[in-house]
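Text of the file entry-v4.cif, holding mmCIF, C-alpha atoms:
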data_run
#
loop_
_atom_site.label_atom_id
_atom_site.label_comp_id
_atom_site.auth_asym_id
_atom_site.auth_seq_id
_atom_site.Cartn_x
_atom_site.Cartn_y
_atom_site.Cartn_z
CA MET A 1189 27.27 70.29 22.47
CA GLN A 1190 25.71 70.04 25.94
CA ALA A 1191 26.58 72.65 28.63
CA SER A 1192 26.50 72.70 32.47
CA MET A 1193 27.55 75.27 35.15
CA SER A 1194 30.14 74.91 37.99
CA ALA A 1195 31.67 77.21 40.65
CA SER A 1196 34.72 77.99 38.46
CA GLY A 1197 32.74 79.08 35.47
CA ALA A 1198 31.01 77.59 32.47
CA ILE A 1199 31.98 74.06 31.59
CA TRP A 1200 30.63 72.15 28.63
CA TRP A 1201 31.10 68.78 27.08
CA ASP A 1202 32.29 68.69 23.52
CA GLU A 1203 30.73 65.60 22.06
CA SER A 1204 33.01 65.78 19.01
CA CYS A 1205 36.14 64.99 20.99
CA GLY A 1206 34.78 63.68 24.25
CA LEU A 1207 36.49 66.30 26.54
CA PHE A 1208 35.47 68.90 29.11
CA PHE A 1209 36.35 72.54 28.47
CA ALA A 1210 36.52 75.37 31.12
CA ALA A 1211 35.44 78.89 30.20
CA GLU A 1212 37.28 80.85 33.04
CA GLY A 1213 39.10 80.30 36.37
CA GLY A 1214 40.16 76.79 37.01
CA ASN A 1215 43.46 75.35 38.24
CA ASP A 1216 45.87 77.76 36.39
CA PRO A 1217 49.20 78.17 38.49
CA ALA A 1218 49.86 81.70 37.12
CA GLY A 1219 46.59 82.98 38.22
CA PRO A 1220 43.89 84.19 36.06
CA GLY A 1221 45.23 85.02 32.67
CA GLY A 1222 48.97 84.55 33.88
CA ASP A 1223 51.81 82.73 32.15
CA ALA A 1224 53.97 80.60 34.44
CA SER A 1225 56.71 80.31 31.84
CA ALA A 1226 57.50 84.10 31.37
CA PRO A 1227 61.13 85.19 32.39
CA ALA A 1228 61.77 87.47 35.38
CA GLY A 1229 62.01 91.26 34.79
CA SER A 1230 60.38 91.19 31.52
CA ALA A 1231 57.51 93.38 30.84
CA PRO A 1232 54.34 91.90 31.71
CA PRO A 1233 52.74 90.52 28.69
CA THR A 1234 49.73 91.99 27.34
CA ALA A 1235 46.80 90.22 28.76
CA PRO A 1236 45.10 88.13 26.16
CA PRO A 1237 41.57 88.97 25.40
CA PRO A 1238 39.16 87.06 27.47
CA PRO A 1239 37.67 84.06 25.75
CA ALA A 1240 34.30 84.35 24.23
CA PRO A 1241 31.51 83.52 26.59
CA ALA A 1242 30.13 80.02 26.33
CA PRO A 1243 27.16 79.69 24.07
CA PRO A 1244 23.91 79.18 25.84
CA ALA A 1245 23.02 75.58 26.49
CA PRO A 1246 20.32 74.23 24.19
CA PRO A 1247 17.05 73.44 25.86
CA ALA A 1248 16.84 69.95 27.30
CA ALA A 1249 15.02 67.50 25.08
CA PRO A 1250 11.77 66.12 26.47
CA PRO A 1251 11.95 62.55 27.80
CA ALA A 1252 11.65 59.93 25.07
CA PRO A 1253 8.40 57.93 25.06
CA PRO A 1254 8.62 54.23 25.94
CA GLY A 1255 9.70 52.03 23.06
CA SER A 1256 11.49 54.84 21.15
CA PRO A 1257 14.93 54.14 19.62
CA PRO A 1258 18.07 55.12 21.59
CA GLU A 1259 19.69 58.53 21.13
CA GLY A 1260 21.65 58.81 17.89
CA ALA A 1261 19.69 56.01 16.21
CA SER A 1262 17.66 56.79 13.17
CA ALA A 1263 13.94 56.82 13.60
CA PRO A 1264 12.28 53.79 12.06
CA GLY A 1265 10.32 54.35 8.93
CA PRO A 1266 6.78 53.11 8.35
CA LYS A 1267 6.46 49.30 8.43
CA PRO A 1268 5.71 47.62 5.09
CA ALA A 1269 2.19 46.31 4.78
CA ALA A 1270 1.83 42.56 5.51
CA ASP A 1271 1.14 40.26 2.54
CA PRO A 1272 -2.56 39.50 2.75
CA GLY A 1273 -2.07 36.17 0.86
CA PRO A 1274 -4.51 34.74 -1.65
CA ALA A 1275 -7.95 36.10 -1.50
CA ALA A 1276 -10.47 33.94 0.36
CA PRO A 1277 -12.70 31.97 -2.02
CA GLN A 1278 -16.14 33.34 -2.49
CA GLY A 1279 -19.27 31.24 -2.92
CA LYS A 1280 -20.07 27.66 -1.91
CA ILE A 1281 -18.60 26.05 -5.02
CA ALA A 1282 -15.33 27.97 -4.65
CA LYS A 1283 -15.09 27.06 -0.98
CA LEU A 1284 -15.75 23.41 -1.75
CA ARG A 1285 -12.99 23.39 -4.39
CA ALA A 1286 -10.57 25.04 -1.98
CA PHE A 1287 -11.43 22.46 0.69
CA LEU A 1288 -10.90 19.56 -1.71
CA LYS A 1289 -7.61 21.04 -2.86
CA ARG A 1290 -6.34 21.30 0.73
CA HIS A 1291 -7.62 17.95 1.99
CA GLY A 1292 -7.98 15.87 -1.18
CA HIS A 1293 -5.13 13.50 -0.25
CA LYS A 1294 -6.70 12.73 3.13
CA LEU A 1295 -10.11 12.21 1.57
CA TRP A 1296 -8.71 9.63 -0.84
CA TRP A 1297 -7.26 7.66 2.06
CA LEU A 1298 -10.59 7.84 3.86
CA HIS A 1299 -12.24 6.51 0.70
CA SER A 1300 -9.71 3.65 0.67
CA ILE A 1301 -10.77 2.66 4.18
CA TYR A 1302 -14.39 2.82 3.07
CA ALA A 1303 -13.64 0.64 0.03
CA LEU A 1304 -11.83 -1.88 2.23
CA SER A 1305 -14.86 -2.14 4.49
CA LEU A 1306 -17.06 -2.76 1.44
CA GLY A 1307 -14.64 -5.49 0.37
CA VAL A 1308 -15.18 -7.21 3.70
CA GLY A 1309 -18.92 -7.07 3.01
CA VAL A 1310 -18.36 -8.71 -0.38
CA MET A 1311 -16.43 -11.54 1.30
CA LEU A 1312 -19.35 -12.11 3.64
CA LEU A 1313 -21.61 -12.46 0.60
CA ALA A 1314 -19.16 -14.91 -0.95
CA ALA A 1315 -19.37 -17.05 2.19
CA LYS A 1316 -22.95 -17.89 1.19
CA GLY A 1317 -21.68 -19.83 -1.80
CA PHE A 1318 -22.10 -19.29 -5.52
CA GLU A 1319 -25.37 -17.37 -5.32
CA TYR A 1320 -23.76 -14.11 -6.44
CA ILE A 1321 -21.18 -15.50 -8.84
CA ARG A 1322 -23.06 -14.12 -11.87
CA TRP A 1323 -22.20 -10.63 -10.62
CA VAL A 1324 -18.54 -11.57 -10.67
CA VAL A 1325 -18.85 -12.62 -14.32
CA ALA A 1326 -20.60 -9.33 -15.12
CA ALA A 1327 -17.85 -7.38 -13.35
CA LEU A 1328 -15.25 -9.31 -15.34
CA GLY A 1329 -16.81 -8.33 -18.68
CA GLY A 1330 -17.41 -4.73 -17.61
CA THR A 1331 -13.80 -4.30 -16.56
CA TRP A 1332 -12.56 -5.63 -19.90
CA LEU A 1333 -14.68 -3.14 -21.86
CA LEU A 1334 -13.66 -0.22 -19.64
CA PHE A 1335 -10.03 -1.24 -19.93
CA LEU A 1336 -10.15 -1.15 -23.71
CA VAL A 1337 -11.81 2.27 -23.84
CA PHE A 1338 -9.70 3.75 -21.03
CA PHE A 1339 -6.26 3.12 -22.50
CA ARG A 1340 -7.29 3.95 -26.06
CA LEU A 1341 -8.61 7.32 -24.95
CA TYR A 1342 -6.00 8.29 -22.37
CA ARG A 1343 -3.01 6.13 -23.38
CA SER A 1344 -0.27 5.05 -20.99
CA GLY A 1345 2.70 6.44 -19.06
CA ALA A 1346 4.35 9.57 -20.44
CA GLN A 1347 1.97 9.60 -23.42
CA ARG A 1348 -1.07 10.06 -21.19
CA LYS A 1349 -2.92 13.32 -21.77
CA VAL A 1350 -6.05 14.35 -19.96
CA GLU A 1351 -6.99 17.81 -21.19
CA GLY A 1352 -10.29 19.58 -20.92
CA LYS A 1353 -13.10 19.29 -18.42
CA ALA A 1354 -14.96 16.53 -20.27
CA ALA A 1355 -11.80 14.40 -20.57
CA LYS A 1356 -11.03 14.78 -16.86
CA VAL A 1357 -14.56 13.81 -15.87
CA GLY A 1358 -14.44 10.75 -18.14
CA PHE A 1359 -11.00 9.76 -16.85
CA VAL A 1360 -12.03 9.92 -13.19
CA THR A 1361 -15.34 8.15 -13.82
CA MET A 1362 -13.88 5.19 -15.73
CA ASN A 1363 -10.98 4.83 -13.31
CA TYR A 1364 -13.38 4.82 -10.37
CA LEU A 1365 -15.67 2.23 -12.00
CA MET A 1366 -12.76 -0.09 -12.75
CA LYS A 1367 -11.58 0.07 -9.16
CA ASP A 1368 -15.04 -0.83 -7.94
CA LEU A 1369 -15.26 -3.76 -10.33
CA TYR A 1370 -11.83 -5.01 -9.28
CA GLN A 1371 -12.87 -4.82 -5.65
CA ILE A 1372 -16.03 -6.84 -6.34
CA MET A 1373 -14.12 -9.55 -8.21
CA LEU A 1374 -11.07 -9.89 -5.98
CA PHE A 1375 -12.81 -9.76 -2.63
CA PHE A 1376 -15.42 -12.24 -3.85
CA LEU A 1377 -12.72 -14.66 -4.98
CA LEU A 1378 -10.57 -14.38 -1.89
CA PRO A 1379 -12.61 -16.64 0.47
CA PHE A 1380 -12.72 -19.48 -2.10
CA TYR A 1381 -8.99 -19.43 -2.73
CA TRP A 1382 -8.29 -19.00 0.97
CA LYS A 1383 -10.20 -22.18 1.86
CA SER A 1384 -8.67 -24.17 -1.01
CA SER A 1385 -5.11 -23.26 -0.03
CA THR A 1386 -2.89 -25.44 2.15
CA TRP A 1387 -0.86 -23.28 4.49
CA GLY A 1388 2.77 -24.28 4.55
CA ALA A 1389 2.53 -25.47 0.94
CA VAL A 1390 3.35 -23.53 -2.21
CA ASN A 1391 -0.27 -22.89 -3.18
CA GLY A 1392 -0.74 -20.77 -0.04
CA PHE A 1393 1.23 -17.98 -1.73
CA TYR A 1394 -1.40 -17.69 -4.45
CA ALA A 1395 -4.08 -16.74 -1.93
CA VAL A 1396 -1.69 -14.21 -0.35
CA ALA A 1397 -0.98 -12.63 -3.76
CA LEU A 1398 -4.70 -12.44 -4.48
CA GLY A 1399 -5.27 -10.74 -1.14
CA ILE A 1400 -2.56 -8.17 -1.91
CA CYS A 1401 -4.21 -7.38 -5.25
CA ALA A 1402 -7.58 -6.96 -3.50
CA VAL A 1403 -6.11 -4.48 -1.01
CA LEU A 1404 -4.29 -2.58 -3.77
CA ALA A 1405 -7.61 -2.10 -5.56
CA THR A 1406 -8.84 -0.15 -2.51
CA LEU A 1407 -5.76 2.09 -2.17
CA ASP A 1408 -6.68 4.94 -4.52
CA VAL A 1409 -3.36 6.77 -4.27
CA VAL A 1410 -1.34 3.66 -5.14
CA PHE A 1411 -3.76 2.21 -7.68
CA ASP A 1412 -4.22 5.48 -9.61
CA ASN A 1413 -0.58 6.58 -9.64
CA LEU A 1414 1.05 3.21 -10.18
CA VAL A 1415 -1.18 0.43 -11.51
CA MET A 1416 -3.44 2.42 -13.86
CA ARG A 1417 -0.70 4.68 -15.15
CA TRP A 1418 1.06 1.96 -17.14
CA ARG A 1419 -0.81 -0.20 -19.61
CA VAL A 1420 1.40 -3.29 -19.15
CA LEU A 1421 1.14 -3.20 -15.35
CA ALA A 1422 -2.62 -2.60 -15.49
CA SER A 1423 -3.10 -5.47 -17.94
CA LEU A 1424 -1.07 -7.85 -15.74
CA PHE A 1425 -3.24 -6.83 -12.79
CA TYR A 1426 -6.33 -7.57 -14.86
CA LEU A 1427 -4.84 -10.86 -16.00
CA VAL A 1428 -4.54 -12.06 -12.38
CA ALA A 1429 -8.17 -11.15 -11.69
CA LEU A 1430 -9.35 -12.65 -14.98
CA PHE A 1431 -7.56 -15.97 -14.57
CA SER A 1432 -8.63 -16.32 -10.93
CA CYS A 1433 -12.26 -15.64 -11.87
CA LEU A 1434 -12.34 -18.08 -14.79
CA ASN A 1435 -10.59 -20.76 -12.77
CA LEU A 1436 -13.48 -20.62 -10.28
CA VAL A 1437 -16.36 -19.94 -12.66
CA ILE A 1438 -15.67 -22.71 -15.20
CA PRO A 1439 -15.93 -25.62 -12.69
CA VAL A 1440 -19.09 -24.03 -11.27
CA VAL A 1441 -20.73 -23.70 -14.68
CA LEU A 1442 -19.42 -27.07 -15.88
CA PRO A 1443 -19.28 -29.24 -12.74
CA SER A 1444 -18.71 -32.47 -14.64
CA ILE A 1445 -15.24 -31.53 -15.89
CA ARG A 1446 -12.08 -32.20 -13.95
CA VAL A 1447 -10.33 -29.39 -12.11
CA LEU A 1448 -7.33 -29.61 -14.43
CA TRP A 1449 -9.43 -29.06 -17.56
CA GLY A 1450 -11.04 -26.02 -15.98
CA LEU A 1451 -7.61 -24.71 -15.06
CA LEU A 1452 -6.27 -25.08 -18.60
CA ALA A 1453 -9.41 -23.59 -20.15
CA ALA A 1454 -9.11 -20.57 -17.84
CA THR A 1455 -5.48 -20.19 -18.90
CA GLY A 1456 -6.26 -20.27 -22.63
CA LEU A 1457 -9.12 -17.76 -22.37
CA SER A 1458 -7.03 -15.46 -20.21
CA ALA A 1459 -4.24 -15.48 -22.78
CA VAL A 1460 -6.66 -14.47 -25.56
CA VAL A 1461 -8.22 -11.67 -23.50
CA PHE A 1462 -4.77 -10.42 -22.48
CA LEU A 1463 -3.75 -10.16 -26.14
CA SER A 1464 -6.97 -8.30 -26.96
CA LEU A 1465 -5.89 -5.56 -24.51
CA HIS A 1466 -2.75 -4.86 -26.52
CA PHE A 1467 -3.65 -5.62 -30.13
CA ARG A 1468 -6.52 -4.75 -32.43
CA LEU A 1469 -9.04 -7.51 -32.97
CA ARG A 1470 -8.48 -7.16 -36.72
CA SER A 1471 -4.81 -8.07 -36.19
CA LEU A 1472 -5.62 -11.02 -33.95
CA PHE A 1473 -8.04 -12.52 -36.49
CA SER A 1474 -5.56 -12.37 -39.36
CA LYS A 1475 -3.60 -15.52 -40.21
CA PRO A 1476 -0.37 -14.38 -38.53
CA GLY A 1477 -2.43 -13.12 -35.58
CA LEU A 1478 -4.26 -16.42 -35.13
CA LEU A 1479 -0.96 -18.30 -35.28
CA ALA A 1480 0.49 -16.00 -32.61
CA VAL A 1481 -2.61 -16.48 -30.44
CA LEU A 1482 -2.31 -20.27 -30.66
CA VAL A 1483 1.38 -20.12 -29.75
CA VAL A 1484 0.72 -17.87 -26.76
CA MET A 1485 -2.12 -20.11 -25.61
CA GLY A 1486 0.03 -23.24 -25.92
CA VAL A 1487 2.95 -21.72 -24.02
CA SER A 1488 0.67 -20.38 -21.28
CA MET A 1489 -1.21 -23.64 -20.82
CA SER A 1490 2.03 -25.62 -20.69
CA ALA A 1491 3.48 -23.28 -18.05
CA VAL A 1492 0.35 -23.50 -15.91
CA TYR A 1493 0.26 -27.28 -16.21
CA LEU A 1494 3.83 -27.51 -14.95
CA GLY A 1495 3.09 -25.13 -12.09
CA ARG A 1496 -0.37 -26.48 -11.24
CA ARG A 1497 0.66 -27.39 -7.67
CA ALA A 1498 1.05 -23.66 -6.95
CA ILE A 1499 -2.64 -22.98 -7.75
CA PRO A 1500 -5.37 -23.88 -5.25
CA PRO A 1501 -7.90 -26.40 -6.69
CA VAL A 1502 -10.99 -24.22 -6.33
CA PRO A 1503 -13.79 -24.88 -5.59
CA TYR A 1504 -12.65 -27.92 -3.57
CA TYR A 1505 -11.38 -27.59 -0.01
CA THR A 1506 -10.86 -29.87 2.98
CA GLU A 1507 -13.14 -29.61 6.00
CA THR A 1508 -11.18 -32.09 8.13
CA VAL A 1509 -7.79 -33.70 7.61
CA SER A 1510 -6.69 -36.24 10.19
CA ALA A 1511 -4.38 -39.18 10.76
CA GLY A 1512 -4.37 -41.40 13.82
CA ILE A 1513 -4.99 -44.86 15.25
CA ILE A 1514 -8.36 -44.25 16.95
CA GLU A 1515 -11.43 -44.50 14.71
CA LEU A 1516 -14.82 -43.18 15.82
CA PRO A 1517 -18.14 -44.94 15.10
CA ASP A 1518 -19.13 -42.28 12.53
CA GLY A 1519 -16.02 -43.01 10.49
CA ARG A 1520 -13.87 -40.13 11.62
CA VAL A 1521 -10.38 -40.52 13.07
CA VAL A 1522 -9.01 -38.80 16.14
CA ASN A 1523 -6.00 -36.85 14.99
CA ALA A 1524 -2.81 -37.92 16.75
CA GLN A 1525 -1.91 -35.26 19.33
CA SER A 1526 1.56 -36.63 20.06
CA ALA A 1527 4.20 -38.80 18.49
CA ILE A 1528 3.04 -42.28 17.45
CA PRO A 1529 5.15 -45.30 18.42
CA ALA A 1530 6.87 -46.98 15.48
CA ARG A 1531 5.18 -50.29 16.23
CA ASP A 1532 1.74 -48.68 15.64
CA LEU A 1533 2.50 -47.36 12.15
CA GLU A 1534 0.50 -50.21 10.56
CA ARG A 1535 -2.59 -49.07 12.49
CA ILE A 1536 -2.49 -45.44 11.31
CA VAL A 1537 -5.51 -44.44 9.23
CA SER A 1538 -6.00 -41.18 7.33
CA VAL A 1539 -9.52 -39.79 6.90
CA THR A 1540 -10.19 -36.53 5.06
CA ASP A 1541 -13.48 -34.81 4.29
CA VAL A 1542 -13.30 -32.87 1.01
CA ALA A 1543 -16.07 -30.35 0.31
CA SER A 1544 -17.42 -30.35 -3.23
CA PRO A 1545 -19.67 -27.27 -3.49
CA THR A 1546 -20.61 -28.04 -7.10
CA GLY A 1547 -21.46 -31.68 -6.39
CA SER A 1548 -18.92 -32.95 -8.91
CA ARG A 1549 -17.06 -36.23 -8.47
CA GLU A 1550 -13.39 -35.38 -8.82
CA THR A 1551 -10.96 -38.24 -8.28
CA PHE A 1552 -8.58 -37.80 -5.35
CA GLN A 1553 -5.55 -39.62 -4.00
CA HIS A 1554 -3.64 -39.89 -0.72
CA VAL A 1555 0.11 -39.39 -1.05
CA TRP A 1556 2.02 -40.74 1.97
CA ARG A 1557 5.45 -39.19 2.55
CA HIS A 1558 8.21 -39.99 5.02
CA ASP A 1559 10.73 -37.18 5.55
CA ARG A 1560 9.39 -35.55 2.35
CA LYS A 1561 9.98 -38.69 0.26
CA VAL A 1562 6.99 -40.36 -1.41
CA VAL A 1563 6.29 -43.76 0.15
CA ALA A 1564 2.97 -44.57 -1.52
CA ARG A 1565 0.25 -43.07 -3.72
CA LEU A 1566 -3.04 -44.62 -2.71
CA THR A 1567 -6.55 -44.36 -4.10
CA PRO A 1568 -8.67 -43.96 -0.97
CA SER A 1569 -12.11 -45.36 -0.49
CA THR A 1570 -14.73 -42.63 -1.08
CA THR A 1571 -18.03 -42.09 0.68
CA VAL A 1572 -20.40 -39.39 -0.59
CA MET A 1573 -22.05 -37.48 2.23
CA LYS A 1574 -25.05 -35.39 1.24
CA GLY A 1575 -25.90 -32.08 2.85
CA PRO A 1576 -26.01 -28.35 2.07
CA VAL A 1577 -22.51 -28.92 0.68
CA THR A 1578 -21.62 -32.33 -0.73
CA ARG A 1579 -18.69 -33.92 1.08
CA LEU A 1580 -16.44 -36.74 -0.03
CA ARG A 1581 -14.98 -38.78 2.84
CA LEU A 1582 -11.65 -40.32 1.81
CA ARG A 1583 -10.05 -43.11 3.85
CA SER A 1584 -6.72 -44.89 3.41
CA ALA A 1585 -4.18 -46.86 5.43
CA LEU A 1586 -0.56 -47.57 4.57
CA PRO A 1587 -0.09 -51.20 3.35
CA ALA A 1588 2.44 -53.30 5.20
CA ASP A 1589 4.58 -53.79 2.11
CA LYS A 1590 4.94 -50.00 1.74
CA ILE A 1591 6.23 -49.40 5.27
CA PRO A 1592 9.96 -48.55 5.16
CA ALA A 1593 12.51 -50.24 7.38
CA GLU A 1594 13.26 -46.95 9.10
CA ARG A 1595 9.90 -45.75 10.40
CA THR A 1596 10.81 -42.89 12.71
CA GLY A 1597 10.67 -39.30 11.55
CA ASP A 1598 8.16 -36.85 10.11
CA TRP A 1599 5.25 -38.17 8.07
CA SER A 1600 2.66 -36.37 5.96
CA ILE A 1601 -0.40 -37.41 3.99
CA ASP A 1602 -1.32 -35.08 1.10
CA VAL A 1603 -4.81 -35.03 -0.37
CA GLU A 1604 -4.36 -34.37 -4.07
CA THR A 1605 -6.51 -34.39 -7.17
CA ALA A 1606 -5.77 -37.08 -9.70
CA ASP A 1607 -3.68 -34.51 -11.58
CA GLY A 1608 -1.56 -33.51 -8.60
CA GLN A 1609 -3.16 -30.32 -7.22
CA LEU A 1610 -2.88 -30.18 -3.46
CA VAL A 1611 -6.17 -29.96 -1.53
CA GLY A 1612 -5.09 -30.58 2.08
CA ARG A 1613 -2.43 -32.16 4.31
CA ALA A 1614 -2.22 -34.18 7.53
CA THR A 1615 1.04 -34.52 9.47
CA PHE A 1616 2.24 -36.73 12.33
CA GLU A 1617 5.49 -37.91 13.90
CA VAL A 1618 6.69 -41.45 14.52
CA GLN A 1619 9.11 -42.23 17.33
CA LYS A 1620 10.68 -45.41 18.64
#
Would you write the structure of this file as structure tokens?
Amino acid sequence: MQASMSASGAIWWDESCGLFFAAEGGNDPAGPGGDASAPAGSAPPTAPPPPAPAPPAPPAAPPAPPGSPPEGASAPGPKPAADPGPAAPQGKIAKLRAFLKRHGHKLWWLHSIYALSLGVGVMLLAAKGFEYIRWVVAALGGTWLLFLVFFRLYRSGAQRKVEGKAAKVGFVTMNYLMKDLYQIMLFFLLPFYWKSSTWGAVNGFYAVALGICAVLATLDVVFDNLVMRWRVLASLFYLVALFSCLNLVIPVVLPSIRVLWGLLAATGLSAVVFLSLHFRLRSLFSKPGLLAVLVVMGVSMSAVYLGRRAIPPVPYYTETVSAGIIELPDGRVVNAQSAIPARDLERIVSVTDVASPTGSRETFQHVWRHDRKVVARLTPSTTVMKGPVTRLRLRSALPADKIPAERTGDWSIDVETADGQLVGRATFEVQK
């Protein structure tokens, strides 16, 4: 309890009930110690004993220091010690490992950007021609050997196990080497297929797919966790690179063969190598194995033959493709910049310059189409033009007996190999 003094006596505050109590005096109507309710004439009552004097007030507490808890609140106990966290790594090697663990994901993406820039450098080398093509062949063989060892040591998918320091080092090393070899092959091939493609035609998608594969080979996070984790997916990725390489290398090594024969030979060899990635050589050289190999080769070559228009005819590409009515003294034709009148259709001439980097003499044809319908397949006159790169100038004009009655509409002239692979295309419009 807490006490205070007033003129009427000692008054204190009882904290237990929240009331004031008076020790003596006060506002009593009967006077001090009287009883207002006693009857008249009665003997005065015995005066009650005076109440006990108020206990002395406790000494006032000293003022609380700033930040202390309010009165009645329990004093806070000692604060628990803060968690110091993992101990800081000691030594340069430990610090380097901790840094790589924290920033390894970012470093892989930085390496991908670096690999992409190297791929651009490889494409610049490829622009010089076939001078470095032997390195592509070496990369092709090295990748095949690494592929065989890699998946036989570390297996595929859920069965993959990389345990022990030596196994991890070997896994990372072989995976890194294969990525580098893929980058060399795919980025080297890309300029050749890019030039041989006709944009707007179906074979343009092949160059796009090859470019996607080249970029994927530089994306470590995607390539490691997706492509190289599954044997089937990795072998399909290798199959694309293998076929694309052989399709370019065979005509370069054997320039006298037709593009179609090189295409089919690349298909057959790719089928055999693909099977060697999944079956033991002993099984492939058995009688049932050889029969299976021949069947797979036959099916693959038939499928590629049917879809040959979707594959660019490397190494050939068109330097100029034009159709018009104005011929220049050097044999070129000014490409029509606007619609050609129907009466001038007989005067239209198509001239295309086809580059033949290997110097071979492939046979070409001009396919004239009106509103996507074939009007004529013509064997153009061919002029060989010597230079750093051999060029074949092809010239044709639509015969009068091939001109349809309805001339107006969209026209196109496709430059194709004798076997139907598209090399280039000229377009023009005919109006009344």
Residues at most 8 Å from Val1481 of chain A, counting all atoms listed in the file, excluding those fewer than 4 positions away in the same chain, as a VMD selection string? chain A and resid 1459 to 1460 1463 1472 1477 1485
With C-alpha atoms retained, could you export that selection as a short mmCIF file (atom, residue, chain, number, x, y, z; two decimals), keeping the file's coordinate frame?
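Listing of selection18.cif after writing:
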data_model
loop_
_atom_site.label_atom_id
_atom_site.label_comp_id
_atom_site.auth_asym_id
_atom_site.auth_seq_id
_atom_site.Cartn_x
_atom_site.Cartn_y
_atom_site.Cartn_z
CA ALA A 1459 -4.24 -15.48 -22.78
CA VAL A 1460 -6.66 -14.47 -25.56
CA LEU A 1463 -3.75 -10.16 -26.14
CA LEU A 1472 -5.62 -11.02 -33.95
CA GLY A 1477 -2.43 -13.12 -35.58
CA MET A 1485 -2.12 -20.11 -25.61
#
Please report the interatomic distance between atom CA of Arg1468 of chain A and atom CA of Trp1418 of chain A in Å with one decimal. 18.3 Å
List, as a VMD selection string, every residue that the PyMOL selection byres ((chain A and resi 1501) around 9) selects in the file provided. chain A and resid 1381 1384 to 1385 1435 to 1436 1447 to 1448 1451 1496 to 1497 1499 to 1500 1502 to 1505 1605 1609 to 1611
For Asn1413 of chain A, work out the shell of residues within 12 Å, counting all atoms listed in the file and skipping chain neighbours fewer than 4 positions away, then give it as a short mmCIF file (atom, residue, chain, number, x, y, z; two decimals) with C-alpha atoms, keeping the file's coordinate frame.
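Contents of around28.cif, freshly written:
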data_model
loop_
_atom_site.label_atom_id
_atom_site.label_comp_id
_atom_site.auth_asym_id
_atom_site.auth_seq_id
_atom_site.Cartn_x
_atom_site.Cartn_y
_atom_site.Cartn_z
CA SER A 1344 -0.27 5.05 -20.99
CA GLY A 1345 2.70 6.44 -19.06
CA ASN A 1363 -10.98 4.83 -13.31
CA LEU A 1404 -4.29 -2.58 -3.77
CA ALA A 1405 -7.61 -2.10 -5.56
CA LEU A 1407 -5.76 2.09 -2.17
CA ASP A 1408 -6.68 4.94 -4.52
CA VAL A 1409 -3.36 6.77 -4.27
CA ARG A 1417 -0.70 4.68 -15.15
CA TRP A 1418 1.06 1.96 -17.14
CA LEU A 1421 1.14 -3.20 -15.35
CA ALA A 1422 -2.62 -2.60 -15.49
#
List the neighbours of Ala1498 of chain A out to 8 Å using all atoms listed in the file; skip same-chain residues closer than 6 positions along the sequence, and give me the result as an MDAnalysis selection string. chainID A and resid 1390:1394 1609
Starting from the displayed file, determine the output of the PyMOL selection byres ((chain A and resi 1584-1589) around 8) and express the residue list as a list of chain:residue names. A:Glu1534, A:Arg1535, A:Ile1536, A:Val1537, A:Ser1538, A:Val1539, A:His1554, A:Trp1556, A:Ala1564, A:Leu1566, A:Thr1567, A:Pro1568, A:Ser1569, A:Leu1582, A:Arg1583, A:Lys1590, A:Ile1591
Using only C-alpha atoms, the shortest atom-to-atom distance to Ala1593 of chain A among A:Leu1336, A:Met1311, A:Gly1456, A:Arg1531 belongs to A:Arg1531
Please tell me which residues are no farther than 12 Å from (-10.2, 4.1, 2.9) in the file, counting all atoms listed in the file, and write them as a list in words. His1293, Lys1294, Leu1295, Trp1296, Trp1297, Leu1298, His1299, Ser1300, Ile1301, Tyr1302, Ala1303, Leu1304, Ser1305, Leu1306, Gly1307, Val1403, Leu1404, Ala1405, Thr1406, Leu1407, Asp1408, Val1409 and Val1410 of chain A
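Relative to atom CA of Val1492 of chain A, atom CA of Leu1452 of chain A is found at 7.3 Å.
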Between A:Ile1321, A:Ala1453, A:Ala1355, A:Ala1314, which residue has the minimum interatomic distance to Trp1382 of chain A, considering all atoms listed in the file?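 For Trp1382 of chain A, the nearest of the candidates is A:Ala1314.
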Need to verify the contact set: Ala1527 of chain A, 12 Å, all atoms listed in the file, exclusion of same-chain residues closer than 4 positions in sequence. Can you return it as a PyMOL selection string? chain A and resi 1511-1513+1523+1531-1533+1536+1596-1599+1615-1620
Expected file contents, prior selection, C-alpha atoms, as a short mmCIF file (atom, residue, chain, number, x, y, z; two decimals), in the frame of the given file:
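File out.cif, as written:
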data_model
loop_
_atom_site.label_atom_id
_atom_site.label_comp_id
_atom_site.auth_asym_id
_atom_site.auth_seq_id
_atom_site.Cartn_x
_atom_site.Cartn_y
_atom_site.Cartn_z
CA ALA A 1511 -4.38 -39.18 10.76
CA GLY A 1512 -4.37 -41.40 13.82
CA ILE A 1513 -4.99 -44.86 15.25
CA ASN A 1523 -6.00 -36.85 14.99
CA ARG A 1531 5.18 -50.29 16.23
CA ASP A 1532 1.74 -48.68 15.64
CA LEU A 1533 2.50 -47.36 12.15
CA ILE A 1536 -2.49 -45.44 11.31
CA THR A 1596 10.81 -42.89 12.71
CA GLY A 1597 10.67 -39.30 11.55
CA ASP A 1598 8.16 -36.85 10.11
CA TRP A 1599 5.25 -38.17 8.07
CA THR A 1615 1.04 -34.52 9.47
CA PHE A 1616 2.24 -36.73 12.33
CA GLU A 1617 5.49 -37.91 13.90
CA VAL A 1618 6.69 -41.45 14.52
CA GLN A 1619 9.11 -42.23 17.33
CA LYS A 1620 10.68 -45.41 18.64
#
